[in-house]
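Note sheet for the following structure.
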Amino acid sequence: MSKTISQKKEPISKTKPGSNTPSQHNRTRRTIGELVYILVVVFLIKTCIAGPYRIPSGSMERTLLVGDYLFVNQFLYGVKTPPNIPLTDIHLPRVTLFPALRSPKGGDIVVFVYPGDRDQLQADEVTYYVKRCVGTPGDTVEVRNKTLYVNGKEFPKPDSMQFLNKVPIPKSNYFPNMFPVGVRWNPDNYGPLRIPKKGDVIQLNAQDYPAWSVFIQREGHETALRSNAVYIDDKPVTSYAVQRNYYFMMGDNRDNSEDSRFWGFVPDDNIVGQPMFLYWSWDQDISVFNIFKKLASVRWKRIGRLVR
């Protein structure tokens with residue numbers, strides 16, 4: 001015997017004009033849920049896989065130009081939590097979510113979180129820099145008359161590297177703002193300087209204290225100099241064991257780049273990723289309110305270019 005379909009009529013709910021029906025409420029909830037899902041996916045992609053970044057300065061010209069927009073591979077060097085609460089400059093501790101496929105090596109162009117000025121414990125705001133990695137943990141870097149040497153060997157010159165000033169600054173003409181504190185170096189004659197790696201032991205005394213105090217504080221310790229004795233976390237010490245790996249970064253536009261020569265080492269926690277390609281490029285100095293001139297400045301030949 002076949003089953004018959006009940007013809008019983010469902011009661012009709014009465015609604016006031018302009019009120020939302022249950023189906024409208026469901027559609028609204030579904031729409032909100034879909035939007036939240038999309039935002040979460042976009043956030044995860046930007047945080048974990050590939051994020052967009054803009055070149056704000058000329059320190060990497062001619063390799064990268066002001067107004068270039070990059071997609072950055074954030075998976076290569078290990079996925080980390082964001083350095084700050086989104087839309088704020090409130091810093092967060094970096095936690096590794098996925099291990100690195102490999103570490104930065106000499107010659108890589110790297111996006112990283114700016115660690116702060118030479119004498120700052122922490123940068124005032126979260127800022128992303130793009131430079132070329134020229135020194136890895138344990139390397140010794142030195143600049144002699146504008147030529148960079150790493151571990152005593154001349155570092156390969158990038159194809160797009162340039163100097164605005166051909167004549168080197170004499171070694172006797174030192175700059176007081178060079179890193180670390182107290183050295184008598186300048187940008188064209190710099191070092192030699194060893195890049196710390198995890199486990200290195202730094203000998204400390206009253207003379208060395210100014211050069212290393214901020215470095216040790218950035219690793220999470222309190223430092224003090226009392227009666228010519230160095231104290232770390234209120235204990236007198238004569239040495240310090242480095243807790244992280246560090247990198248040395250320089251711009252390809254060597255005479256127009258404030259880089260590790262001025263503000264110091266980049267800890268591995270600050271490494272974000274490696275640029276992959278340019279997805280947009282135009283003149284950054286033209287206002288978006290002058291839309292036709294802005295669009296006319298698009299550098300079509302740079303779009304899609306791989307970053308090397």
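Residues in the structure tokens are named by chain (A, B, ... in the order shown) and by number from 1 within that chain; ligands are numbered from 1 in the order shown.
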
Residues flagged alpha helix (DSSP H) by DSSP in range 45-261 of chain A, as a PyMOL selection string
chain A and resi 209-218+260-261

Extract, using only C-alpha atoms, all DNA, RNA and protein residues at most 8 Å from range 158-171 of chain A, discarding same-chain residues fewer than 5 positions from it, and format them as an mmCIF file with C-alpha atoms, in the first residue's frame.
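In the end it all went to part.cif:
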```
data_model
loop_
_atom_site.group_PDB
_atom_site.id
_atom_site.type_symbol
_atom_site.label_atom_id
_atom_site.label_comp_id
_atom_site.auth_asym_id
_atom_site.auth_seq_id
_atom_site.Cartn_x
_atom_site.Cartn_y
_atom_site.Cartn_z
ATOM 1 C CA GLU A 61 66.666 50.543 -5.728
ATOM 2 C CA ARG A 62 67.207 49.403 -8.470
ATOM 3 C CA THR A 63 66.155 45.929 -7.338
ATOM 4 C CA GLY A 107 71.926 36.760 -0.923
ATOM 5 C CA ASN A 145 86.257 50.794 0.796
ATOM 6 C CA LYS A 146 82.635 49.985 -0.154
ATOM 7 C CA TRP A 185 83.537 52.866 11.664
ATOM 8 C CA ASN A 186 81.580 54.363 8.765
ATOM 9 C CA PRO A 187 79.260 52.834 6.112
ATOM 10 C CA ASP A 188 82.111 52.346 3.593
ATOM 11 C CA ASN A 189 84.647 50.975 6.074
ATOM 12 C CA ASP A 252 71.191 47.131 -2.608
ATOM 13 C CA ASN A 253 71.228 50.923 -2.875
ATOM 14 C CA ARG A 254 74.210 50.926 -0.543
ATOM 15 C CA ASP A 255 74.666 54.682 -0.084
ATOM 16 C CA ASN A 256 70.975 55.301 0.548
#
```

Using only C-alpha atoms, find each residue in range 148-193 of chain A having at least one atom no more than 7 Å away from range 200-213 of chain A; report its shortest atom-to-atom pair and that distance in Å (one decimal), rows by chain then rising number, as CSV.
```
residue,atom,partner,partner_atom,distance
A:Pro180,CA,A:Ala211,CA,5.2
A:Val181,CA,A:Ala211,CA,4.8
A:Gly182,CA,A:Ala211,CA,6.7
```

Write the residues of the selection above to a file with C-alpha atoms, as a tab-separated table (two decimals), in the first residue's frame.
```
chain	number	residue	atom	x	y	z
A	180	PRO	CA	77.36	48.85	17.77
A	181	VAL	CA	77.89	51.70	20.21
A	182	GLY	CA	81.49	52.85	20.51
```

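Distances from A:Val111, A:Val130, A:His221, A:Val143 to Leu65 in chain A were compared using only C-alpha atoms, and the smallest one belongs to A:Val130.
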
Query raised in the report: So which residues of range 24-163 of chain A fall under strand (DSSP E) by DSSP, listed as a ChimeraX atom specification?
Result: /A:50-54,68-73,79-80,96-98,109-113,128-135,140-144,147-150,153-154

Excluding Pro99 in chain A and residues on its chain fewer than 6 positions from it, collect all residues at most 8 Å away from it, counting only C-alpha atoms, and give them as an mmCIF file with C-alpha atoms, in the first residue's frame.
```cif
data_model
loop_
_atom_site.group_PDB
_atom_site.id
_atom_site.type_symbol
_atom_site.label_atom_id
_atom_site.label_comp_id
_atom_site.auth_asym_id
_atom_site.auth_seq_id
_atom_site.Cartn_x
_atom_site.Cartn_y
_atom_site.Cartn_z
ATOM 1 C CA TYR A 77 61.222 30.704 6.839
ATOM 2 C CA GLY A 78 58.572 29.329 9.188
ATOM 3 C CA VAL A 79 55.079 30.600 9.901
#
```
